[in-house]
Amino acid sequence: MLTVCCIKFGEYYTAEYVNILCAGVQKHLKASHEFVCFTDDPTGINSSVDCRARPDFGTWWNKYWCFRVHGGPVLYLDLDVCVTGPLDRIATYCPGIVEDWLVTDQYNGSVISWEDGQLNPLLYSYNEGIKDRYRGFQYWMSEEPLRGALGMRTYPAGWCVSYREHAIEEPPATCSVVCFHGQPKPHHVTEGWVADAWRI
């Protein structure tokens with residue numbers, strides 16, 4: 001079965017973010033799936049979410065626990081994304097990742113999809129020294145030789161877009177996920193399409 005997973009650690013994102021993301025996935029994903037949240041505090045998260053406790057690796061490196069999910073395909077989503085269209089095509093585009101909108105030859109880790117075993121090169125080569133050299137997984141994954149070993153494919157243009165770069169007025173018709181990298185975050189946007197699409 002497909003596993004859709006996210007991460008909530010610390011107090012920056014509230015349980016509302018998890019619940020809204022889960023609702024968006026349920027609305028736009030036809031495939032049978034389970035929704036998993038790796039978190040240090042399940043308070044306020046809906047019972048439909050499978051909350052799993054994991055140690056805090058610090059900032060973006062908590063994503064490591066999602067890469068350890070086994071038993072089938074996995075779709076990872078950052079909490080600060082807004083699902084606006086069909087997710088099945090993304091979930092089956094493996095291994096897939098977002099091409100960064102601002103930096104050439106750089107991945108953006110807001111959305112990642114993979115089949116069990118496809119990211120083993122990442123798991124097997126991880127060590128604590130990696131954390132000292134890179135800000136997060138997406139920067140490490142973007143560099144050779146790991147980039148070549150993973151064989152990541154970037155999603156077709158328009159599937160995952162930047163709010164600031166492409167979707168302030170409205171998401172493109174081709175869009176499935178709007179990513180709120182940097183600022184603002186979805187809860188900051190109180191007017192327009194975000195107010196309707198993001199909030200439950």
# chains A, B, ... in the order shown; residues from 1 in each chain; ligands from 1
call {"tool": "select_by_dssp", "arguments": {"residues": "region 108-189 of chain A", "states": "alpha helix (DSSP H)", "output": "PyMOL selection string"}}
result
chain A and resi 120-125+128-133+137-141+146-150+163-166
call {"tool": "closest_atom_pairs", "arguments": {"of": "region 1-84 of chain A", "to": "region 107-125 of chain A", "cutoff": "9 Å", "atoms": "only C-alpha atoms", "output": "JSON lines"}}
result
{"residue": "A:Tyr64", "atom": "CA", "partner": "A:Leu123", "partner_atom": "CA", "distance": 8.0}
{"residue": "A:Phe67", "atom": "CA", "partner": "A:Leu119", "partner_atom": "CA", "distance": 7.0}
{"residue": "A:Arg68", "atom": "CA", "partner": "A:Leu123", "partner_atom": "CA", "distance": 7.6}
{"residue": "A:Val69", "atom": "CA", "partner": "A:Asp116", "partner_atom": "CA", "distance": 7.7}
{"residue": "A:His70", "atom": "CA", "partner": "A:Asp116", "partner_atom": "CA", "distance": 5.6}
{"residue": "A:Gly71", "atom": "CA", "partner": "A:Asp116", "partner_atom": "CA", "distance": 6.2}
{"residue": "A:Gly72", "atom": "CA", "partner": "A:Asp116", "partner_atom": "CA", "distance": 5.3}
{"residue": "A:Pro73", "atom": "CA", "partner": "A:Glu115", "partner_atom": "CA", "distance": 4.2}
{"residue": "A:Val74", "atom": "CA", "partner": "A:Trp114", "partner_atom": "CA", "distance": 5.5}
{"residue": "A:Leu75", "atom": "CA", "partner": "A:Ser113", "partner_atom": "CA", "distance": 4.5}
{"residue": "A:Tyr76", "atom": "CA", "partner": "A:Ile112", "partner_atom": "CA", "distance": 5.1}
{"residue": "A:Leu77", "atom": "CA", "partner": "A:Val111", "partner_atom": "CA", "distance": 4.8}
{"residue": "A:Asp78", "atom": "CA", "partner": "A:Ser110", "partner_atom": "CA", "distance": 5.0}
{"residue": "A:Leu79", "atom": "CA", "partner": "A:Ser110", "partner_atom": "CA", "distance": 8.4}
{"residue": "A:Asp80", "atom": "CA", "partner": "A:Ser110", "partner_atom": "CA", "distance": 8.3}
{"residue": "A:Val81", "atom": "CA", "partner": "A:Ser110", "partner_atom": "CA", "distance": 7.5}
call {"tool": "residues_around", "arguments": {"residues": "Phe137 (chain A)", "least_positions_apart": "2", "cutoff": "7 Å", "atoms": "only C-alpha atoms", "output": "list in words"}}
result
Trp60, Trp61, Tyr139, Trp140 and Met141 of chain A
call {"tool": "atom_distance", "arguments": {"atom1": "CA of Phe35 (chain A)", "atom2": "CA of Ala23 (chain A)"}}
result
10.0 Å
call {"tool": "atom_distance", "arguments": {"atom1": "CA of Val83 (chain A)", "atom2": "CA of Lys27 (chain A)"}}
result
8.8 Å
call {"tool": "closest_residue", "arguments": {"among": "A:Asp100, A:Asp40, A:Glu16, A:Glu169", "to": "Gln138 (chain A)", "atoms": "only C-alpha atoms"}}
result
A:Asp100
call {"tool": "select_by_dssp", "arguments": {"residues": "region 4-107 of chain A", "states": "strand (DSSP E)", "output": "VMD selection string"}}
result
chain A and resid 4 to 8 33 to 39 50 to 52 74 to 77 81 to 83 96 to 99 107
call {"tool": "atom_distance", "arguments": {"atom1": "CA of Pro95 (chain A)", "atom2": "CA of Met152 (chain A)"}}
result
5.1 Å
call {"tool": "decode", "arguments": {"residues": "region 25-44 of chain A", "atoms": "N, CA and C atoms", "output": "PDB file, in the first residue's frame"}}
result
ATOM      1  N   VAL A  25      -4.852  15.462   0.917  1.00  0.00           N
ATOM      2  CA  VAL A  25      -4.465  14.188   0.312  1.00  0.00           C
ATOM      3  C   VAL A  25      -5.691  13.309   0.098  1.00  0.00           C
ATOM      4  N   GLN A  26      -6.545  13.226   1.084  1.00  0.00           N
ATOM      5  CA  GLN A  26      -7.751  12.414   0.958  1.00  0.00           C
ATOM      6  C   GLN A  26      -8.644  12.895  -0.179  1.00  0.00           C
ATOM      7  N   LYS A  27      -8.641  14.180  -0.410  1.00  0.00           N
ATOM      8  CA  LYS A  27      -9.479  14.758  -1.465  1.00  0.00           C
ATOM      9  C   LYS A  27      -8.913  14.496  -2.857  1.00  0.00           C
ATOM     10  N   HIS A  28      -7.589  14.499  -2.985  1.00  0.00           N
ATOM     11  CA  HIS A  28      -6.973  14.487  -4.314  1.00  0.00           C
ATOM     12  C   HIS A  28      -6.203  13.211  -4.655  1.00  0.00           C
ATOM     13  N   LEU A  29      -6.186  12.216  -3.753  1.00  0.00           N
ATOM     14  CA  LEU A  29      -5.484  10.973  -4.025  1.00  0.00           C
ATOM     15  C   LEU A  29      -6.482   9.817  -4.074  1.00  0.00           C
ATOM     16  N   LYS A  30      -6.598   9.178  -5.236  1.00  0.00           N
ATOM     17  CA  LYS A  30      -7.546   8.085  -5.401  1.00  0.00           C
ATOM     18  C   LYS A  30      -6.990   6.762  -4.876  1.00  0.00           C
ATOM     19  N   ALA A  31      -5.702   6.559  -4.962  1.00  0.00           N
ATOM     20  CA  ALA A  31      -5.095   5.288  -4.573  1.00  0.00           C
ATOM     21  C   ALA A  31      -5.283   5.015  -3.086  1.00  0.00           C
ATOM     22  N   SER A  32      -5.471   3.752  -2.744  1.00  0.00           N
ATOM     23  CA  SER A  32      -5.536   3.358  -1.345  1.00  0.00           C
ATOM     24  C   SER A  32      -4.214   3.700  -0.670  1.00  0.00           C
ATOM     25  N   HIS A  33      -4.276   4.284   0.520  1.00  0.00           N
ATOM     26  CA  HIS A  33      -3.060   4.743   1.166  1.00  0.00           C
ATOM     27  C   HIS A  33      -3.247   4.872   2.669  1.00  0.00           C
ATOM     28  N   GLU A  34      -2.138   4.967   3.376  1.00  0.00           N
ATOM     29  CA  GLU A  34      -2.152   5.349   4.782  1.00  0.00           C
ATOM     30  C   GLU A  34      -1.397   6.657   4.915  1.00  0.00           C
ATOM     31  N   PHE A  35      -1.851   7.496   5.834  1.00  0.00           N
ATOM     32  CA  PHE A  35      -1.228   8.802   6.041  1.00  0.00           C
ATOM     33  C   PHE A  35      -0.475   8.762   7.365  1.00  0.00           C
ATOM     34  N   VAL A  36       0.835   8.968   7.310  1.00  0.00           N
ATOM     35  CA  VAL A  36       1.709   8.843   8.472  1.00  0.00           C
ATOM     36  C   VAL A  36       2.351  10.197   8.776  1.00  0.00           C
ATOM     37  N   CYS A  37       2.380  10.532  10.060  1.00  0.00           N
ATOM     38  CA  CYS A  37       3.088  11.736  10.488  1.00  0.00           C
ATOM     39  C   CYS A  37       4.131  11.342  11.538  1.00  0.00           C
ATOM     40  N   PHE A  38       5.392  11.614  11.236  1.00  0.00           N
ATOM     41  CA  PHE A  38       6.456  11.429  12.215  1.00  0.00           C
ATOM     42  C   PHE A  38       6.498  12.688  13.077  1.00  0.00           C
ATOM     43  N   THR A  39       6.294  12.545  14.374  1.00  0.00           N
ATOM     44  CA  THR A  39       6.164  13.729  15.214  1.00  0.00           C
ATOM     45  C   THR A  39       6.625  13.468  16.641  1.00  0.00           C
ATOM     46  N   ASP A  40       6.994  14.550  17.303  1.00  0.00           N
ATOM     47  CA  ASP A  40       7.335  14.474  18.719  1.00  0.00           C
ATOM     48  C   ASP A  40       6.149  14.847  19.600  1.00  0.00           C
ATOM     49  N   ASP A  41       5.037  15.284  18.966  1.00  0.00           N
ATOM     50  CA  ASP A  41       3.859  15.684  19.740  1.00  0.00           C
ATOM     51  C   ASP A  41       2.596  15.495  18.897  1.00  0.00           C
ATOM     52  N   PRO A  42       1.825  14.419  19.147  1.00  0.00           N
ATOM     53  CA  PRO A  42       0.616  14.155  18.355  1.00  0.00           C
ATOM     54  C   PRO A  42      -0.622  14.921  18.814  1.00  0.00           C
ATOM     55  N   THR A  43      -0.474  15.778  19.803  1.00  0.00           N
ATOM     56  CA  THR A  43      -1.621  16.511  20.334  1.00  0.00           C
ATOM     57  C   THR A  43      -2.337  17.297  19.239  1.00  0.00           C
ATOM     58  N   GLY A  44      -3.648  17.080  19.128  1.00  0.00           N
ATOM     59  CA  GLY A  44      -4.464  17.828  18.171  1.00  0.00           C
ATOM     60  C   GLY A  44      -4.501  17.246  16.779  1.00  0.00           C
TER      61      GLY A  44
END
